[in-house]
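Enquirer: Pasting target01.tsv here (TSV, C-alpha atoms):
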chain	number	residue	atom	x	y	z
A	55	MET	CA	48.91	127.16	92.85
A	56	GLY	CA	50.74	129.86	94.80
A	57	GLY	CA	48.90	132.63	96.55
A	58	ILE	CA	49.84	136.06	97.66
A	59	VAL	CA	52.71	135.91	100.10
A	60	THR	CA	52.76	138.64	102.70
A	61	LYS	CA	56.28	139.64	103.59
A	62	LEU	CA	57.24	140.26	107.19
A	63	LYS	CA	57.82	143.92	108.00
A	64	LEU	CA	61.48	144.15	109.03
A	65	GLY	CA	63.11	146.79	111.17
A	66	MET	CA	66.88	147.00	111.41
A	67	ILE	CA	68.98	148.28	114.27
A	68	GLY	CA	72.49	149.17	113.13
A	69	GLY	CA	73.81	148.62	109.65
A	70	GLY	CA	73.84	152.19	108.38
A	71	HIS	CA	76.43	153.86	106.14
A	72	GLY	CA	79.89	152.41	106.71
A	73	ALA	CA	78.68	149.29	108.52
A	74	PHE	CA	79.61	146.07	106.73
A	75	ILE	CA	77.32	143.52	108.35
A	76	GLY	CA	74.07	145.46	107.85
A	77	GLY	CA	74.47	145.22	104.10
A	78	VAL	CA	75.08	141.49	104.35
A	79	HIS	CA	71.86	141.02	106.32
A	80	ARG	CA	69.88	143.16	103.89
A	81	ILE	CA	71.16	141.03	100.99
A	82	ALA	CA	70.20	137.86	102.88
A	83	SER	CA	66.70	139.18	103.59
A	84	ARG	CA	66.24	140.03	99.90
A	85	ILE	CA	67.47	136.58	98.83
A	86	ASP	CA	65.14	134.95	101.36
A	87	ASP	CA	62.31	137.14	99.98
A	88	HIS	CA	60.19	136.90	103.12
A	89	TYR	CA	61.02	140.35	104.49
A	90	GLU	CA	60.50	143.98	103.55
A	91	LEU	CA	62.72	146.55	105.26
A	92	VAL	CA	60.31	149.26	106.45
A	93	ALA	CA	61.93	150.82	109.53
A	94	GLY	CA	65.31	151.39	111.07
A	95	SER	CA	67.50	152.87	113.71
A	96	LEU	CA	70.54	152.44	111.52
A	97	ALA	CA	73.24	154.32	113.44
A	98	SER	CA	73.95	155.81	116.86
A	99	LYS	CA	74.37	159.26	115.30
A	100	PRO	CA	70.91	160.59	114.28
A	101	ASP	CA	72.09	162.35	111.10
A	102	LEU	CA	73.82	159.18	109.90
A	103	ALA	CA	70.82	157.05	110.88
A	104	HIS	CA	68.42	159.25	108.90
A	105	SER	CA	70.62	159.60	105.80
A	106	SER	CA	71.14	155.82	105.78
A	107	ALA	CA	67.38	155.24	106.03
A	108	LYS	CA	66.69	157.67	103.22
A	109	ASP	CA	69.21	155.93	100.95
A	110	LEU	CA	67.56	152.57	101.71
A	111	GLY	CA	64.09	153.87	100.88
A	112	ILE	CA	62.78	153.85	104.45
A	113	ASP	CA	60.05	156.44	104.97
A	114	GLU	CA	61.14	159.41	107.05
A	115	ASP	CA	58.55	158.70	109.75
A	116	ARG	CA	60.02	155.22	110.24
A	117	SER	CA	63.63	156.33	110.54
A	118	TYR	CA	64.57	156.52	114.21
A	119	SER	CA	67.35	158.21	116.16
A	120	SER	CA	67.52	155.42	118.74
A	121	TYR	CA	66.49	151.80	119.08
A	122	LYS	CA	64.36	152.67	122.13
A	123	GLU	CA	62.40	155.23	120.12
A	124	MET	CA	61.98	152.65	117.37
A	125	ALA	CA	60.71	149.97	119.75
A	126	ASP	CA	58.25	152.40	121.38
A	127	LYS	CA	56.85	153.80	118.14
A	128	GLU	CA	56.80	150.61	116.09
A	129	SER	CA	55.07	148.64	118.86
A	130	ALA	CA	52.36	151.33	118.98
A	131	ARG	CA	51.67	151.36	115.21
A	132	ASP	CA	48.91	149.28	113.63
A	133	ASP	CA	51.35	148.53	110.81
A	134	GLY	CA	54.41	148.18	113.06
A	135	ILE	CA	57.31	145.90	112.30
A	136	ASP	CA	56.93	142.16	112.71
A	137	VAL	CA	60.57	141.53	113.47
A	138	ALA	CA	63.68	143.50	114.45
A	139	ALA	CA	67.08	142.50	113.05
A	140	ILE	CA	69.94	143.52	115.33
A	141	VAL	CA	73.17	144.10	113.40
A	142	THR	CA	75.04	146.29	115.86
A	143	PRO	CA	78.40	145.83	117.57
A	144	ASN	CA	78.33	142.74	119.81
A	145	HIS	CA	78.15	144.50	123.18
A	146	LEU	CA	74.79	146.02	122.20
A	147	HIS	CA	73.00	142.80	121.19
A	148	TYR	CA	71.56	141.91	124.59
A	149	PRO	CA	70.21	145.34	125.68
A	150	ILE	CA	68.61	145.99	122.30
A	151	ALA	CA	67.05	142.51	122.03
A	152	GLU	CA	65.63	142.88	125.53
A	153	VAL	CA	63.89	146.18	124.67
A	154	PHE	CA	62.21	144.76	121.54
A	155	LEU	CA	61.14	141.52	123.21
A	156	LYS	CA	59.57	143.45	126.07
A	157	LYS	CA	57.57	145.38	123.45
A	158	GLY	CA	56.36	142.09	121.95
A	159	ILE	CA	58.41	142.41	118.75
A	160	HIS	CA	60.15	139.31	117.39
A	161	VAL	CA	63.96	139.53	117.24
A	162	ILE	CA	66.65	138.13	114.93
A	163	CYS	CA	70.14	138.71	116.33
A	164	ASP	CA	73.68	137.72	115.43
A	165	LYS	CA	75.83	135.92	117.93
A	166	PRO	CA	77.17	136.53	120.51
A	167	LEU	CA	74.13	137.54	122.47
A	168	THR	CA	75.82	138.23	125.80
A	169	HIS	CA	79.35	138.38	127.15
A	170	ASN	CA	78.79	136.69	130.48
A	171	LEU	CA	76.67	134.04	132.16
A	172	ASP	CA	74.76	136.47	134.40
A	173	ASP	CA	73.49	138.43	131.39
A	174	ALA	CA	72.67	135.18	129.58
A	175	LYS	CA	70.54	134.05	132.52
A	176	LYS	CA	68.73	137.40	132.65
A	177	PHE	CA	68.13	137.26	128.93
A	178	TYR	CA	66.81	133.71	129.17
A	179	ASP	CA	64.17	134.97	131.60
A	180	CYS	CA	63.35	137.85	129.25
A	181	VAL	CA	62.79	135.47	126.32
A	182	LYS	CA	60.79	133.06	128.48
A	183	ASN	CA	58.50	135.89	129.65
A	184	SER	CA	58.01	137.45	126.20
A	185	LYS	CA	55.26	136.55	123.77
A	186	ALA	CA	57.69	137.33	120.94
A	187	LEU	CA	60.12	134.90	119.34
A	188	PHE	CA	63.89	135.22	119.57
A	189	ALA	CA	66.23	133.82	116.91
A	190	LEU	CA	70.01	133.78	117.30
A	191	THR	CA	71.78	133.39	113.98
A	192	HIS	CA	74.78	131.18	113.34
A	193	ASN	CA	75.32	132.16	109.74
A	194	TYR	CA	78.12	129.86	108.66
A	195	THR	CA	76.23	126.64	109.40
A	196	GLY	CA	74.41	127.14	106.10
A	197	TYR	CA	77.50	127.37	103.92
A	198	PRO	CA	77.87	124.40	101.55
A	199	MET	CA	81.53	123.78	102.45
A	200	VAL	CA	80.71	123.68	106.17
A	201	ARG	CA	77.91	121.19	105.54
A	202	GLN	CA	80.16	119.08	103.32
A	203	ALA	CA	82.91	119.01	105.96
A	204	ARG	CA	80.35	117.91	108.57
A	205	GLU	CA	79.11	115.11	106.33
A	206	MET	CA	82.68	113.99	105.58
A	207	PHE	CA	83.48	113.85	109.29
A	208	GLN	CA	80.26	112.06	110.25
A	209	SER	CA	80.68	109.45	107.52
A	210	GLY	CA	84.28	108.74	108.56
A	211	GLU	CA	85.53	109.75	105.12
A	212	ILE	CA	88.29	111.95	106.57
A	213	GLY	CA	89.20	109.78	109.55
A	214	ASN	CA	90.00	110.99	113.06
A	215	LEU	CA	90.51	114.71	113.41
A	216	ARG	CA	93.42	115.94	115.47
A	217	ILE	CA	93.26	119.64	114.68
A	218	ILE	CA	90.92	122.07	112.95
A	219	GLN	CA	92.10	125.45	111.76
A	220	VAL	CA	89.49	128.00	110.72
A	221	GLU	CA	90.04	131.51	109.42
A	222	TYR	CA	87.63	134.40	108.91
A	223	ALA	CA	89.04	136.46	106.09
The structure in this file should be written as structure tokens.

Expert:
Amino acid sequence: MGGIVTKLKLGMIGGGHGAFIGGVHRIASRIDDHYELVAGSLASKPDLAHSSAKDLGIDEDRSYSSYKEMADKESARDDGIDVAAIVTPNHLHYPIAEVFLKKGIHVICDKPLTHNLDDAKKFYDCVKNSKALFALTHNYTGYPMVRQAREMFQSGEIGNLRIIQVEYA
């Protein structure tokens, strides 16, 4: 009954050699099986970006030295990326997302998006004025133990909570 499923063409910003979270997102995209990594600006140092892309099987002409170059060139291609995944250090999320949205490229980004209310308001306007979609991930909401704890609290099974302690190992 199934037909041919076309995968979304994924571009990644950040996540090159030595970056932990990029690998996690690539694993998640493979598990999801709706994405194909075809382009990247994987590091702020061009040599690292290009060697990372080569090791991931990204064609040389789709390995970029900067996210701005990637947004410009991918938005101009007939076969350009459908979505950009931003897996950079937190302070870069907002400026990178803004560039891709202004180019009409959908964006998936980890939290936090901004570090202050003024930037959040500017970014809200950017999203509102873009034809592209913006998705902010909150990864841990999908974990089975988090869902179970929520259900236990909502059902009253664990009673009134007075304190919650959470650790990120």

Enquirer: Between A:Asp164, A:Asp87, A:Asn170, A:Gly69, which has the minimum distance to A:Ala107 (counting only C-alpha atoms)?

Expert: A:Gly69

Enquirer: Rounded to one decimal place, report the atom CA of A:Arg84-atom CA of A:Ala130 distance in Å.

Expert: 26.2 Å

Enquirer: Give me, as a list in words, all polymer residues having an atom no more than 7 Å from stretch 188-205 of chain A, counting only C-alpha atoms and skipping those fewer than 6 positions away in the same chain.

Expert: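 Counting only C-alpha atoms, the residues come to His160, Val161, Ile162, Cys163, Asp164, Lys165 and Val181 of chain A.
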
Enquirer: How many Å lie between atom CA of A:Tyr121 and atom CA of A:Ile150, rounded to one decimal?

Expert: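 Value for the atom CA of A:Tyr121-atom CA of A:Ile150 distance: 7.0 Å.
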
Enquirer: How many Å lie between atom CA of A:Glu152 and atom CA of A:Ser184, rounded to one decimal?

Expert: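 Computed distance, atom CA of A:Glu152 to atom CA of A:Ser184, equals 9.4 Å.
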
Enquirer: Within 10 Å of stretch 95-103 of chain A, which residues of stretch 131-192 of chain A come that close, and what is the closest atom pair and distance in Å for each? Count only C-alpha atoms and give it as CSV.

Expert:
residue,atom,partner,partner_atom,distance
A:Ile140,CA,A:Leu96,CA,9.7
A:Val141,CA,A:Leu96,CA,8.9
A:Thr142,CA,A:Ala97,CA,8.6

Enquirer: Rank nothing, just name the residue among A:Met66, A:Ser83, A:Ile58, A:Lys175 nearest to A:Glu128, using all atoms listed in the file.

Expert: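 Closest residue, counting all atoms listed in the file: A:Met66.
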
Enquirer: Name all residues at most 10 Å from A:Asp115 (count all atoms listed in the file; drop same-chain ones fewer than 2 positions away) and give them as a ChimeraX atom specification.

Expert: /A:93,104,112-113,117-118,127

Enquirer: Would you mind exporting C-alpha atoms of the selected residues as a compact mmCIF listing (two decimals), keeping the file's coordinate frame?

Expert:
# COMPACT_ATOMS: atom_id res chain seq x y z
CA ALA A 93 61.93 150.82 109.53
CA HIS A 104 68.42 159.25 108.90
CA ILE A 112 62.78 153.85 104.45
CA ASP A 113 60.05 156.44 104.97
CA SER A 117 63.63 156.33 110.54
CA TYR A 118 64.57 156.52 114.21
CA LYS A 127 56.85 153.80 118.14

Enquirer: May I ask which of the residues A:Gly77, A:Gly72, A:Thr60, A:Val153 is the closest one to A:Ser120, counting only C-alpha atoms?

Expert: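 Residue with the minimum atom-to-atom distance to A:Ser120: A:Val153.
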
Enquirer: Could you give me the axis-aligned bounding box of stretch 185-194 of chain A, with 6 Å of padding per side, as centre plus edge lengths in Å to one decimal, as JSON?

Expert:
{"center_x": 66.7, "center_y": 133.6, "center_z": 116.2, "size_x": 34.9, "size_y": 19.5, "size_z": 27.1}

Enquirer: Between A:Leu64, A:Lys157, A:Leu171, A:Leu110, which residue has the minimum interatomic distance to A:Ala139, considering only C-alpha atoms?

Expert: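 Result for the nearest residue to A:Ala139: A:Leu64.
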
Enquirer: Go through A:Ser106, A:Ala174, A:Thr168, A:Lys63 and flag the residue nearest A:Asp132, using all atoms listed in the file for the distances.

Expert: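 Ranking A:Ser106, A:Ala174, A:Thr168, A:Lys63 by distance to A:Asp132, first place goes to A:Lys63.
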
Enquirer: Between A:Pro166, A:Gly70, A:Gly65, A:Gly158, which has the minimum distance to A:Val137 (counting only C-alpha atoms)?

Expert: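 Closest to A:Val137 of all the choices is A:Gly65.
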